[in-house]
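Just below is one structure, and these are the notes that go with it.
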Number of protein chains: 2
Amino acid sequence: MKPKRSAFALLAIAFASFTTTQAQDPLPSWNDTAPKKAIIAFVEKVTKPGSTDFVPVPDRIAVFDNDGTLWAEQPMYFQFAFVFDRVKALASEHPEWKTQEPFASVLKGDVKGALASGEKGVIEMMTATHTGMTTEEFSKTVTDWISTAKHPKTGRLYTDMVYQPMLELLRYLRANGFKTFIVSGGGIEFMRPWAEKTYGIPPEQVVGSSGKLKFEMRGGKPVLVKLPEVPLVDDKEGKPVGIQMHIGRRPIAAFGNSDGDLQMLQWTAAGSGPRFCLIVHHTDAEREWAYTRRGTKPSPKAGRS
Amino acid sequence: MKPKRSAFALLAIAFASFTTTQAQDPLPSWNDTAPKKAIIAFVEKVTKPGSTDFVPVPDRIAVFDNDGTLWAEQPMYFQFAFVFDRVKALASEHPEWKTQEPFASVLKGDVKGALASGEKGVIEMMTATHTGMTTEEFSKTVTDWISTAKHPKTGRLYTDMVYQPMLELLRYLRANGFKTFIVSGGGIEFMRPWAEKTYGIPPEQVVGSSGKLKFEMRGGKPVLVKLPEVPLVDDKEGKPVGIQMHIGRRPIAAFGNSDGDLQMLQWTAAGSGPRFCLIVHHTDAEREWAYTRRGTKPSPKAGRS
């Protein structure tokens, strides 16, 4: 990701008389290279009435991965930071965690040790911090955390660690009749409380990994309790499944950044008519992190980066 | 359901000069009784800026049961008619069905015998007719069926067996910033192919019972295969679960007609702020079917029926 924010700011000061022209650029933070041109050409052709590539508004479905595509994902998935903070917050109710891995490592502040427990450890921590409560209780916990927790490197709120070029892209697509969806491996109930404010994407357009829910009456009040089973892991092969479950029609545009997005891109690309797929490469060590894998992916130069 | 269509048609001819006034009535097929007044009063208060009951547009979520609420459900759920027709269509590939219940009864045209097999038999028939194919193949089968199959009593297409007053209600709510969702025990993939054309409800706003899907490559093409497992039975306790899974926020209005809708109505009613819940009673044996249960529900006179 290389948003040209600073360049744009300079330009705005130096050529104030060109404000109108600048305002007409729907993607001002994007470099004027092939990816930006391709996006605009795609949007123009699918929205042009009478064009053979015209796509009616209801079919203008665009799906976005979240981690590494809409917001950063380094040094680790932000949801893991939430999990670790929840483990610390709940530790007083669990004296056994002091000696029990991966909890013991989390409580000592040893992230690497905690993640060394692998998938099994992560599932244990997810179960301990994401299940047993009602959906409303969980949503409140997420809202409280996301409005105060800070990224360890930048010291910013996590919702400020979103990519400006992608915010512009979301707005540009919506202004052209697209419905924008998140399709993420992250937890659906973890993303929904802040996705609308941060991305303009309402809860019903957030697709993510989903735990089983149970309806019950508690004190005469109906609640939904989060259970440990996870019927949808919305990653890799799970992404087209999540798309079909929640959206029910094939997207015409998909945006991702990793192997976890491959099947979503394949599913999108295999539809008939015009299609647009984009992979975000992370090559800017100065303003973000440079970790795009070489060799197995197209050169970073080829994509917007 | 008692749409006053004929009364309205007469009125329109007799008092043509009142066309403008008529056009202003958002629910012309509804009798001018308490339910209609209550709906209009609710919509007016939640859409009035500055009102203490004002609800912002994104929170104006309305959910509708389908069978018996938006379209008829007699003499049996229309999806069962689809199942029976599919059993007949597939019979040549299954010679064993000639002697195997419930298939044998279906092939003899004995609906009662087929349904006598109970839940077990229904599941067997659903599995045989709704799984194993890709989502696209299934969608095409539904589309072909729904555009040709006729209701046994009226001889009409099933999509013509929808309730005119409810179509008006859907349009009225949408014109006032509501997002309208189906929340039905019926199959999500059975309803989506025709819900948009029939009700103006797009696939992503259809919530229903959902079978598991599997992503795979077939001949180099990605497909989603329908599996026999059913992770969400979107009925009774399943309805609030389906609402949370797909919508992620609590509706402010809910419309149902049966015990299967109770929990959806409870979940809707238990939210804070203004709420609207309506139960459709079926009391018109002349133009529909009269089968509303007496005693355990409010008198049909109290509701719009």
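Residues in the structure tokens are numbered from 1 in each chain, the chains being A, B, ... in the order shown, and ligands are numbered from 1 in the order shown.
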Using only C-alpha atoms, I'd like every residue of chain A that has an atom within 10 Å of chain B; please write them out as a VMD selection string.
chain A and resid 58 to 59 135 to 136 188 to 189 192 to 193 196 202 to 208 210 to 217 220 to 225 231 to 232 236 to 249 263 to 264 266 to 271
Extract, using only C-alpha atoms, all DNA, RNA and protein residues at most 10 Å from Phe255 of chain A, discarding same-chain residues fewer than 6 positions from it, and format them as a ChimeraX atom specification.
/A:62-66,69-70,166,182-183,261,264-265,268,276-280
If we count only C-alpha atoms, what is near segment 76-80 of chain B at a cut-off of 12 Å, once residues fewer than 2 positions away on the same chain are taken out, given as a compact mmCIF listing (two decimals) with all heavy atoms, in the first residue's frame?
# COMPACT_ATOMS: atom_id res chain seq x y z
N ASN B 66 -42.47 -15.66 5.18
CA ASN B 66 -42.96 -15.81 3.80
C ASN B 66 -44.26 -16.63 3.72
O ASN B 66 -45.30 -16.10 3.37
CB ASN B 66 -41.87 -16.42 2.92
CG ASN B 66 -42.29 -16.46 1.46
OD1 ASN B 66 -42.89 -15.50 0.96
ND2 ASN B 66 -42.01 -17.56 0.78
N ASP B 67 -44.20 -17.92 4.07
CA ASP B 67 -45.37 -18.80 3.91
C ASP B 67 -46.51 -18.38 4.83
O ASP B 67 -46.37 -18.41 6.05
CB ASP B 67 -44.98 -20.26 4.21
CG ASP B 67 -43.89 -20.77 3.29
OD1 ASP B 67 -44.11 -20.78 2.06
OD2 ASP B 67 -42.79 -21.13 3.79
N GLY B 68 -47.62 -17.99 4.24
CA GLY B 68 -48.76 -17.55 5.03
C GLY B 68 -48.69 -16.09 5.42
O GLY B 68 -49.62 -15.57 6.05
N THR B 69 -47.59 -15.41 5.10
CA THR B 69 -47.48 -13.99 5.41
C THR B 69 -47.35 -13.18 4.11
O THR B 69 -48.07 -12.22 3.91
CB THR B 69 -46.28 -13.72 6.33
OG1 THR B 69 -46.47 -14.43 7.57
CG2 THR B 69 -46.14 -12.23 6.64
N TRP B 71 -46.96 -14.94 0.88
CA TRP B 71 -47.73 -15.71 -0.09
C TRP B 71 -48.48 -16.80 0.66
O TRP B 71 -48.25 -17.02 1.85
CB TRP B 71 -46.87 -16.24 -1.25
CG TRP B 71 -45.94 -17.41 -1.02
CD1 TRP B 71 -45.69 -18.06 0.16
CD2 TRP B 71 -45.16 -18.07 -2.02
NE1 TRP B 71 -44.78 -19.06 -0.05
CE2 TRP B 71 -44.43 -19.09 -1.38
CE3 TRP B 71 -44.99 -17.90 -3.39
CZ2 TRP B 71 -43.57 -19.93 -2.07
CZ3 TRP B 71 -44.12 -18.74 -4.07
CH2 TRP B 71 -43.42 -19.74 -3.41
N ALA B 72 -49.42 -17.45 -0.04
CA ALA B 72 -50.28 -18.45 0.60
C ALA B 72 -49.48 -19.69 1.00
O ALA B 72 -48.32 -19.86 0.59
CB ALA B 72 -51.43 -18.82 -0.33
N GLU B 73 -50.10 -20.54 1.80
CA GLU B 73 -49.40 -21.75 2.25
C GLU B 73 -50.37 -22.94 2.29
O GLU B 73 -50.11 -23.92 2.99
CB GLU B 73 -48.77 -21.53 3.63
CG GLU B 73 -49.78 -21.15 4.71
CD GLU B 73 -49.16 -20.97 6.10
OE1 GLU B 73 -47.98 -21.24 6.28
OE2 GLU B 73 -49.91 -20.55 7.00
N GLN B 74 -51.46 -22.84 1.55
CA GLN B 74 -52.45 -23.92 1.50
C GLN B 74 -52.58 -24.46 0.08
O GLN B 74 -52.39 -23.70 -0.86
CB GLN B 74 -53.82 -23.40 1.97
CG GLN B 74 -53.85 -22.95 3.42
CD GLN B 74 -53.66 -24.06 4.43
OE1 GLN B 74 -53.85 -25.23 4.10
NE2 GLN B 74 -53.25 -23.71 5.64
N PHE B 82 -42.96 -28.15 -5.00
CA PHE B 82 -41.70 -28.21 -5.77
C PHE B 82 -41.00 -29.54 -5.53
O PHE B 82 -40.56 -30.21 -6.47
CB PHE B 82 -40.81 -27.03 -5.37
CG PHE B 82 -39.40 -27.10 -5.91
CD1 PHE B 82 -39.13 -26.89 -7.26
CD2 PHE B 82 -38.32 -27.37 -5.06
CE1 PHE B 82 -37.83 -26.97 -7.75
CE2 PHE B 82 -37.03 -27.45 -5.55
CZ PHE B 82 -36.78 -27.25 -6.90
N VAL B 83 -40.93 -29.95 -4.26
CA VAL B 83 -40.27 -31.22 -3.91
C VAL B 83 -40.97 -32.38 -4.64
O VAL B 83 -40.31 -33.22 -5.26
CB VAL B 83 -40.31 -31.45 -2.38
CG1 VAL B 83 -39.89 -32.88 -2.04
CG2 VAL B 83 -39.41 -30.44 -1.67
N PHE B 84 -42.29 -32.41 -4.60
CA PHE B 84 -43.03 -33.51 -5.23
C PHE B 84 -42.78 -33.51 -6.75
O PHE B 84 -42.58 -34.57 -7.34
CB PHE B 84 -44.53 -33.37 -4.93
CG PHE B 84 -44.87 -33.62 -3.49
CD1 PHE B 84 -46.13 -33.28 -2.98
CD2 PHE B 84 -43.95 -34.18 -2.61
CE1 PHE B 84 -46.45 -33.51 -1.66
CE2 PHE B 84 -44.26 -34.40 -1.27
CZ PHE B 84 -45.52 -34.06 -0.79
N ASP B 85 -42.80 -32.34 -7.35
CA ASP B 85 -42.55 -32.27 -8.80
C ASP B 85 -41.13 -32.72 -9.14
O ASP B 85 -40.90 -33.35 -10.17
CB ASP B 85 -42.80 -30.85 -9.32
CG ASP B 85 -44.30 -30.54 -9.44
OD1 ASP B 85 -45.10 -31.49 -9.30
OD2 ASP B 85 -44.66 -29.37 -9.66
N ARG B 86 -40.19 -32.40 -8.25
CA ARG B 86 -38.80 -32.84 -8.49
C ARG B 86 -38.69 -34.36 -8.34
O ARG B 86 -37.96 -35.01 -9.09
CB ARG B 86 -37.83 -32.15 -7.52
CG ARG B 86 -37.60 -30.67 -7.74
CD ARG B 86 -37.22 -30.32 -9.16
NE ARG B 86 -35.95 -30.94 -9.58
CZ ARG B 86 -35.66 -31.25 -10.84
NH1 ARG B 86 -36.52 -31.05 -11.82
NH2 ARG B 86 -34.49 -31.78 -11.14
N VAL B 87 -39.38 -34.91 -7.35
CA VAL B 87 -39.36 -36.37 -7.17
C VAL B 87 -39.87 -37.04 -8.46
O VAL B 87 -39.25 -37.97 -8.98
CB VAL B 87 -40.21 -36.81 -5.95
CG1 VAL B 87 -40.45 -38.32 -5.97
CG2 VAL B 87 -39.51 -36.40 -4.64
N VAL B 106 -45.68 -40.26 -3.51
CA VAL B 106 -45.58 -39.07 -4.39
C VAL B 106 -45.83 -39.48 -5.83
O VAL B 106 -46.61 -38.83 -6.54
CB VAL B 106 -44.17 -38.42 -4.27
CG1 VAL B 106 -44.01 -37.30 -5.30
CG2 VAL B 106 -43.95 -37.87 -2.86
N VAL B 111 -50.53 -37.22 -2.07
CA VAL B 111 -49.85 -36.21 -1.24
C VAL B 111 -49.95 -36.57 0.24
O VAL B 111 -48.97 -36.50 0.98
CB VAL B 111 -50.48 -34.82 -1.49
CG1 VAL B 111 -49.98 -33.80 -0.46
CG2 VAL B 111 -50.16 -34.34 -2.90
N LYS B 112 -51.16 -36.95 0.66
CA LYS B 112 -51.41 -37.26 2.07
C LYS B 112 -50.51 -38.42 2.50
O LYS B 112 -49.89 -38.37 3.58
CB LYS B 112 -52.88 -37.64 2.25
CG LYS B 112 -53.47 -37.13 3.54
CD LYS B 112 -54.98 -37.32 3.56
CE LYS B 112 -55.50 -37.24 4.98
NZ LYS B 112 -56.95 -37.48 5.03
N ALA B 114 -47.68 -39.29 1.20
CA ALA B 114 -46.28 -38.85 1.21
C ALA B 114 -45.96 -38.08 2.48
O ALA B 114 -44.92 -38.28 3.10
CB ALA B 114 -46.00 -38.00 -0.02
N LEU B 115 -46.89 -37.19 2.88
CA LEU B 115 -46.65 -36.38 4.07
C LEU B 115 -46.82 -37.19 5.36
O LEU B 115 -46.32 -36.80 6.41
CB LEU B 115 -47.55 -35.15 4.08
CG LEU B 115 -47.23 -34.13 2.98
CD1 LEU B 115 -48.22 -32.97 3.00
CD2 LEU B 115 -45.80 -33.59 3.11
N GLY B 121 -39.49 -38.53 6.47
CA GLY B 121 -39.77 -38.64 5.04
C GLY B 121 -39.49 -37.34 4.30
O GLY B 121 -38.95 -37.34 3.19
N VAL B 122 -39.88 -36.22 4.95
CA VAL B 122 -39.65 -34.92 4.31
C VAL B 122 -38.16 -34.70 4.12
O VAL B 122 -37.71 -34.25 3.06
CB VAL B 122 -40.31 -33.79 5.14
CG1 VAL B 122 -39.85 -32.43 4.64
CG2 VAL B 122 -41.83 -33.90 5.07
N ILE B 123 -37.37 -35.03 5.17
CA ILE B 123 -35.93 -34.85 5.07
C ILE B 123 -35.36 -35.71 3.94
O ILE B 123 -34.52 -35.25 3.16
CB ILE B 123 -35.23 -35.15 6.42
CG1 ILE B 123 -35.56 -34.04 7.42
CG2 ILE B 123 -33.72 -35.29 6.26
CD1 ILE B 123 -35.10 -34.29 8.85
N MET B 125 -36.88 -36.64 1.23
CA MET B 125 -37.25 -36.04 -0.06
C MET B 125 -36.46 -34.76 -0.32
O MET B 125 -36.07 -34.49 -1.46
CB MET B 125 -38.75 -35.77 -0.10
CG MET B 125 -39.59 -37.03 -0.23
SD MET B 125 -41.35 -36.68 -0.50
CE MET B 125 -41.86 -36.17 1.16
N MET B 126 -36.25 -33.97 0.73
CA MET B 126 -35.46 -32.74 0.58
C MET B 126 -34.04 -33.08 0.15
O MET B 126 -33.47 -32.46 -0.75
CB MET B 126 -35.41 -31.96 1.91
CG MET B 126 -36.74 -31.41 2.38
SD MET B 126 -37.42 -30.09 1.34
CE MET B 126 -36.35 -28.72 1.79
N THR B 129 -33.85 -34.10 -3.47
CA THR B 129 -34.20 -33.10 -4.49
C THR B 129 -33.45 -31.78 -4.34
O THR B 129 -33.45 -30.97 -5.25
CB THR B 129 -35.71 -32.77 -4.42
OG1 THR B 129 -36.04 -32.34 -3.09
CG2 THR B 129 -36.55 -34.00 -4.77
N HIS B 130 -32.82 -31.55 -3.17
CA HIS B 130 -32.20 -30.25 -2.91
C HIS B 130 -30.68 -30.33 -2.75
O HIS B 130 -30.05 -29.30 -2.50
CB HIS B 130 -32.77 -29.61 -1.64
CG HIS B 130 -34.13 -29.00 -1.82
ND1 HIS B 130 -35.21 -29.72 -2.24
CD2 HIS B 130 -34.57 -27.72 -1.64
CE1 HIS B 130 -36.28 -28.92 -2.30
NE2 HIS B 130 -35.91 -27.70 -1.95
N VAL B 142 -35.20 -24.24 -9.88
CA VAL B 142 -36.25 -23.47 -9.20
C VAL B 142 -36.88 -22.47 -10.17
O VAL B 142 -38.11 -22.34 -10.26
CB VAL B 142 -35.69 -22.74 -7.96
CG1 VAL B 142 -36.73 -21.78 -7.38
CG2 VAL B 142 -35.23 -23.73 -6.90
N TRP B 145 -39.16 -24.16 -12.60
CA TRP B 145 -40.38 -24.63 -11.95
C TRP B 145 -41.33 -23.48 -11.64
O TRP B 145 -42.51 -23.52 -11.96
CB TRP B 145 -40.01 -25.40 -10.67
CG TRP B 145 -41.19 -25.96 -9.95
CD1 TRP B 145 -41.86 -27.13 -10.23
CD2 TRP B 145 -41.88 -25.38 -8.83
NE1 TRP B 145 -42.89 -27.31 -9.37
CE2 TRP B 145 -42.94 -26.25 -8.49
CE3 TRP B 145 -41.69 -24.21 -8.08
CZ2 TRP B 145 -43.80 -25.99 -7.43
CZ3 TRP B 145 -42.55 -23.95 -7.04
CH2 TRP B 145 -43.60 -24.83 -6.71
N ILE B 146 -40.78 -22.44 -11.01
CA ILE B 146 -41.65 -21.35 -10.54
C ILE B 146 -42.29 -20.59 -11.69
O ILE B 146 -43.33 -19.96 -11.53
CB ILE B 146 -40.85 -20.40 -9.59
CG1 ILE B 146 -41.79 -19.64 -8.63
CG2 ILE B 146 -40.02 -19.39 -10.37
CD1 ILE B 146 -41.96 -20.24 -7.31
N ALA B 149 -45.01 -23.99 -12.97
CA ALA B 149 -45.89 -24.81 -12.11
C ALA B 149 -47.11 -24.01 -11.68
O ALA B 149 -47.03 -22.81 -11.44
CB ALA B 149 -45.12 -25.29 -10.88
N LYS B 150 -48.24 -24.71 -11.55
CA LYS B 150 -49.49 -24.03 -11.21
C LYS B 150 -50.03 -24.55 -9.89
O LYS B 150 -49.95 -25.74 -9.59
CB LYS B 150 -50.53 -24.30 -12.31
CG LYS B 150 -50.14 -23.82 -13.70
CD LYS B 150 -50.32 -22.33 -13.88
CE LYS B 150 -49.75 -21.82 -15.19
NZ LYS B 150 -50.41 -22.36 -16.38
N HIS B 151 -50.65 -23.64 -9.13
CA HIS B 151 -51.28 -24.01 -7.88
C HIS B 151 -52.47 -24.94 -8.15
O HIS B 151 -53.28 -24.67 -9.04
CB HIS B 151 -51.76 -22.74 -7.16
CG HIS B 151 -52.27 -23.01 -5.79
ND1 HIS B 151 -53.59 -23.38 -5.55
CD2 HIS B 151 -51.66 -22.98 -4.58
CE1 HIS B 151 -53.75 -23.56 -4.25
NE2 HIS B 151 -52.60 -23.31 -3.64
N PRO B 152 -52.61 -26.04 -7.38
CA PRO B 152 -53.62 -27.05 -7.69
C PRO B 152 -55.06 -26.52 -7.59
O PRO B 152 -55.94 -27.02 -8.28
CB PRO B 152 -53.38 -28.14 -6.63
CG PRO B 152 -52.61 -27.47 -5.54
CD PRO B 152 -51.79 -26.41 -6.22
N LYS B 153 -55.31 -25.54 -6.73
CA LYS B 153 -56.69 -25.06 -6.59
C LYS B 153 -57.00 -23.91 -7.55
O LYS B 153 -58.02 -23.90 -8.20
CB LYS B 153 -56.95 -24.61 -5.14
CG LYS B 153 -58.41 -24.24 -4.90
CD LYS B 153 -58.64 -23.64 -3.52
CE LYS B 153 -59.94 -22.83 -3.49
NZ LYS B 153 -60.08 -22.04 -2.27
N LEU B 157 -49.89 -19.33 -11.32
CA LEU B 157 -48.48 -19.47 -10.94
C LEU B 157 -48.36 -19.21 -9.44
O LEU B 157 -49.08 -18.37 -8.89
CB LEU B 157 -47.63 -18.44 -11.69
CG LEU B 157 -47.47 -18.63 -13.20
CD1 LEU B 157 -46.66 -17.46 -13.78
CD2 LEU B 157 -46.75 -19.95 -13.52
N TYR B 158 -47.43 -19.88 -8.80
CA TYR B 158 -47.26 -19.67 -7.35
C TYR B 158 -46.88 -18.22 -7.03
O TYR B 158 -47.30 -17.68 -6.01
CB TYR B 158 -46.23 -20.65 -6.79
CG TYR B 158 -46.77 -22.06 -6.71
CD1 TYR B 158 -46.46 -23.01 -7.68
CD2 TYR B 158 -47.64 -22.43 -5.69
CE1 TYR B 158 -46.97 -24.29 -7.63
CE2 TYR B 158 -48.16 -23.71 -5.62
CZ TYR B 158 -47.83 -24.64 -6.59
OH TYR B 158 -48.36 -25.90 -6.52
N THR B 159 -46.12 -17.60 -7.90
CA THR B 159 -45.74 -16.20 -7.63
C THR B 159 -46.93 -15.25 -7.81
O THR B 159 -46.80 -14.06 -7.49
CB THR B 159 -44.57 -15.77 -8.54
OG1 THR B 159 -44.85 -16.21 -9.88
CG2 THR B 159 -43.27 -16.38 -8.07
N MET B 161 -49.68 -16.08 -6.26
CA MET B 161 -50.42 -16.40 -5.03
C MET B 161 -49.87 -15.58 -3.85
O MET B 161 -49.82 -16.05 -2.72
CB MET B 161 -50.30 -17.89 -4.73
CG MET B 161 -50.86 -18.79 -5.83
SD MET B 161 -52.66 -18.84 -5.84
CE MET B 161 -52.96 -19.62 -4.26
N VAL B 162 -49.43 -14.37 -4.16
CA VAL B 162 -48.90 -13.47 -3.11
C VAL B 162 -50.00 -12.52 -2.69
O VAL B 162 -50.97 -12.32 -3.42
CB VAL B 162 -47.66 -12.69 -3.62
CG1 VAL B 162 -46.55 -13.66 -3.99
CG2 VAL B 162 -48.03 -11.82 -4.82
N SER B 184 -37.68 -16.67 6.68
CA SER B 184 -38.61 -17.78 6.46
C SER B 184 -38.01 -19.13 6.80
O SER B 184 -36.80 -19.33 6.66
CB SER B 184 -39.01 -17.77 4.98
OG SER B 184 -39.69 -18.96 4.63
N GLY B 185 -38.87 -20.05 7.22
CA GLY B 185 -38.43 -21.43 7.40
C GLY B 185 -38.13 -22.12 6.07
O GLY B 185 -37.48 -23.15 6.03
N GLY B 186 -38.60 -21.53 4.99
CA GLY B 186 -38.34 -22.08 3.66
C GLY B 186 -36.86 -22.04 3.31
O GLY B 186 -36.07 -21.36 3.97
N GLY B 187 -36.49 -22.77 2.29
CA GLY B 187 -35.09 -22.83 1.89
C GLY B 187 -34.61 -21.53 1.28
O GLY B 187 -35.28 -20.96 0.41
N ILE B 188 -33.47 -21.06 1.73
CA ILE B 188 -32.93 -19.79 1.25
C ILE B 188 -32.69 -19.84 -0.26
O ILE B 188 -33.01 -18.90 -0.98
CB ILE B 188 -31.64 -19.42 2.03
CG1 ILE B 188 -31.23 -17.97 1.79
CG2 ILE B 188 -30.49 -20.36 1.71
CD1 ILE B 188 -30.16 -17.48 2.78
N GLU B 189 -32.19 -20.98 -0.75
CA GLU B 189 -31.87 -21.09 -2.18
C GLU B 189 -33.14 -21.35 -3.00
O GLU B 189 -33.12 -21.19 -4.22
CB GLU B 189 -30.86 -22.22 -2.43
CG GLU B 189 -29.54 -22.08 -1.69
CD GLU B 189 -28.57 -21.11 -2.35
OE1 GLU B 189 -28.89 -20.58 -3.41
OE2 GLU B 189 -27.49 -20.89 -1.76
N PHE B 190 -34.22 -21.75 -2.33
CA PHE B 190 -35.50 -21.92 -3.03
C PHE B 190 -36.18 -20.56 -3.24
O PHE B 190 -36.85 -20.35 -4.25
CB PHE B 190 -36.42 -22.85 -2.23
CG PHE B 190 -37.81 -22.96 -2.79
CD1 PHE B 190 -38.05 -23.67 -3.97
CD2 PHE B 190 -38.89 -22.35 -2.16
CE1 PHE B 190 -39.33 -23.77 -4.51
CE2 PHE B 190 -40.18 -22.44 -2.69
CZ PHE B 190 -40.39 -23.14 -3.86
N MET B 191 -36.00 -19.65 -2.30
CA MET B 191 -36.70 -18.36 -2.39
C MET B 191 -35.97 -17.31 -3.21
O MET B 191 -36.59 -16.47 -3.87
CB MET B 191 -36.92 -17.80 -0.97
CG MET B 191 -37.85 -18.66 -0.11
SD MET B 191 -38.11 -17.94 1.53
CE MET B 191 -36.55 -18.35 2.33
N TRP B 289 -58.06 -19.03 2.42
CA TRP B 289 -58.42 -20.18 3.23
C TRP B 289 -58.66 -19.66 4.65
O TRP B 289 -57.96 -18.73 5.07
CB TRP B 289 -57.28 -21.21 3.26
CG TRP B 289 -57.12 -21.99 2.00
CD1 TRP B 289 -57.71 -23.19 1.70
CD2 TRP B 289 -56.32 -21.64 0.87
NE1 TRP B 289 -57.33 -23.60 0.44
CE2 TRP B 289 -56.48 -22.67 -0.09
CE3 TRP B 289 -55.50 -20.55 0.54
CZ2 TRP B 289 -55.84 -22.65 -1.34
CZ3 TRP B 289 -54.87 -20.52 -0.69
CH2 TRP B 289 -55.04 -21.56 -1.62
Could you give me the residues within segment 20-268 of chain A that DSSP places in alpha helix (DSSP H), as a PyMOL selection string?
chain A and resi 20-24+34-47+78-90+103-107+111-115+118-130+135-146+164-175+188-199+238-246+262-268
Just C-alpha atoms for this one: save the residues we selected as a short mmCIF file (atom, residue, chain, number, x, y, z; two decimals), in the first residue's frame.
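What follows is the written file part-v7.cif:
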data_model
loop_
_atom_site.label_atom_id
_atom_site.label_comp_id
_atom_site.auth_asym_id
_atom_site.auth_seq_id
_atom_site.Cartn_x
_atom_site.Cartn_y
_atom_site.Cartn_z
CA THR A 20 -12.06 21.60 -9.00
CA THR A 21 -10.02 19.22 -11.13
CA GLN A 22 -8.67 17.54 -7.99
CA ALA A 23 -12.17 17.18 -6.57
CA GLN A 24 -13.21 15.32 -9.68
CA ALA A 34 -2.34 1.05 -14.39
CA PRO A 35 -4.42 -0.21 -11.41
CA LYS A 36 -6.17 3.15 -10.91
CA LYS A 37 -6.85 3.44 -14.64
CA ALA A 38 -8.17 -0.13 -14.74
CA ILE A 39 -10.57 0.49 -11.82
CA ILE A 40 -11.97 3.65 -13.37
CA ALA A 41 -12.28 2.04 -16.83
CA PHE A 42 -14.15 -0.91 -15.25
CA VAL A 43 -16.56 1.29 -13.31
CA GLU A 44 -17.22 3.46 -16.35
CA LYS A 45 -18.01 0.55 -18.63
CA VAL A 46 -20.31 -1.34 -16.23
CA THR A 47 -22.27 1.83 -15.42
CA PHE A 78 -5.82 -6.94 15.14
CA GLN A 79 -8.45 -9.38 16.38
CA PHE A 80 -5.62 -11.27 18.12
CA ALA A 81 -4.74 -8.06 20.00
CA PHE A 82 -8.38 -7.99 21.12
CA VAL A 83 -8.14 -11.65 22.21
CA PHE A 84 -4.98 -10.98 24.23
CA ASP A 85 -6.53 -7.94 25.91
CA ARG A 86 -9.63 -9.98 26.75
CA VAL A 87 -7.49 -12.77 28.24
CA LYS A 88 -5.81 -10.18 30.48
CA ALA A 89 -9.18 -8.64 31.43
CA LEU A 90 -10.67 -12.04 32.30
CA PHE A 103 -2.85 -18.06 28.53
CA ALA A 104 0.29 -17.95 30.71
CA SER A 105 2.34 -16.46 27.84
CA VAL A 106 -0.34 -13.85 27.12
CA LEU A 107 -0.36 -12.80 30.79
CA VAL A 111 2.94 -12.68 22.18
CA LYS A 112 5.34 -15.00 20.37
CA GLY A 113 5.01 -17.64 23.10
CA ALA A 114 1.22 -17.37 23.00
CA LEU A 115 1.06 -17.78 19.21
CA GLY A 118 -0.65 -22.82 17.06
CA GLU A 119 -4.22 -23.30 15.91
CA LYS A 120 -5.16 -25.31 19.01
CA GLY A 121 -4.07 -22.52 21.31
CA VAL A 122 -5.79 -19.86 19.24
CA ILE A 123 -9.04 -21.82 19.32
CA GLU A 124 -8.75 -22.16 23.12
CA MET A 125 -8.26 -18.41 23.47
CA MET A 126 -11.07 -17.62 21.02
CA THR A 127 -13.43 -19.92 22.90
CA ALA A 128 -12.50 -18.35 26.24
CA THR A 129 -12.96 -14.78 24.99
CA HIS A 130 -15.62 -15.00 22.25
CA THR A 135 -24.29 -11.21 21.23
CA GLU A 136 -25.15 -7.87 22.86
CA GLU A 137 -22.58 -8.32 25.64
CA PHE A 138 -19.92 -9.29 23.09
CA SER A 139 -20.77 -6.34 20.86
CA LYS A 140 -20.38 -3.95 23.80
CA THR A 141 -16.99 -5.45 24.70
CA VAL A 142 -15.78 -4.97 21.12
CA THR A 143 -17.08 -1.40 20.98
CA ASP A 144 -15.35 -0.51 24.26
CA TRP A 145 -12.08 -2.09 23.12
CA ILE A 146 -12.00 -0.63 19.60
CA GLN A 164 -7.08 5.79 2.79
CA PRO A 165 -6.94 4.62 -0.86
CA MET A 166 -9.36 1.80 -0.02
CA LEU A 167 -11.77 4.17 1.75
CA GLU A 168 -11.79 6.22 -1.45
CA LEU A 169 -12.37 3.09 -3.51
CA LEU A 170 -15.32 2.01 -1.32
CA ARG A 171 -16.89 5.45 -1.67
CA TYR A 172 -16.25 5.57 -5.41
CA LEU A 173 -17.88 2.20 -5.99
CA ARG A 174 -20.90 3.07 -3.83
CA ALA A 175 -21.30 6.40 -5.64
CA ILE A 188 -18.40 -11.44 11.90
CA GLU A 189 -19.43 -10.23 15.37
CA PHE A 190 -15.99 -8.68 15.90
CA MET A 191 -16.23 -6.54 12.73
CA ARG A 192 -19.86 -5.46 12.74
CA PRO A 193 -19.76 -3.07 15.72
CA TRP A 194 -17.35 -0.67 13.96
CA ALA A 195 -17.52 -1.48 10.20
CA GLU A 196 -20.37 0.93 9.49
CA LYS A 197 -18.68 3.93 11.09
CA THR A 198 -15.24 3.06 9.73
CA TYR A 199 -16.01 1.85 6.20
CA GLY A 238 -14.98 -20.70 2.98
CA LYS A 239 -15.09 -17.29 1.28
CA PRO A 240 -17.22 -18.29 -1.75
CA VAL A 241 -19.40 -20.24 0.70
CA GLY A 242 -19.82 -17.14 2.89
CA ILE A 243 -20.57 -15.06 -0.22
CA GLN A 244 -23.31 -17.46 -1.34
CA MET A 245 -24.77 -17.80 2.17
CA HIS A 246 -24.95 -14.08 2.83
CA LEU A 262 -7.72 -16.89 -3.81
CA GLN A 263 -11.02 -18.78 -3.95
CA MET A 264 -13.03 -15.57 -3.54
CA LEU A 265 -11.17 -14.12 -6.54
CA GLN A 266 -11.66 -17.35 -8.54
CA TRP A 267 -15.37 -17.40 -7.73
CA THR A 268 -15.75 -13.74 -8.74
#
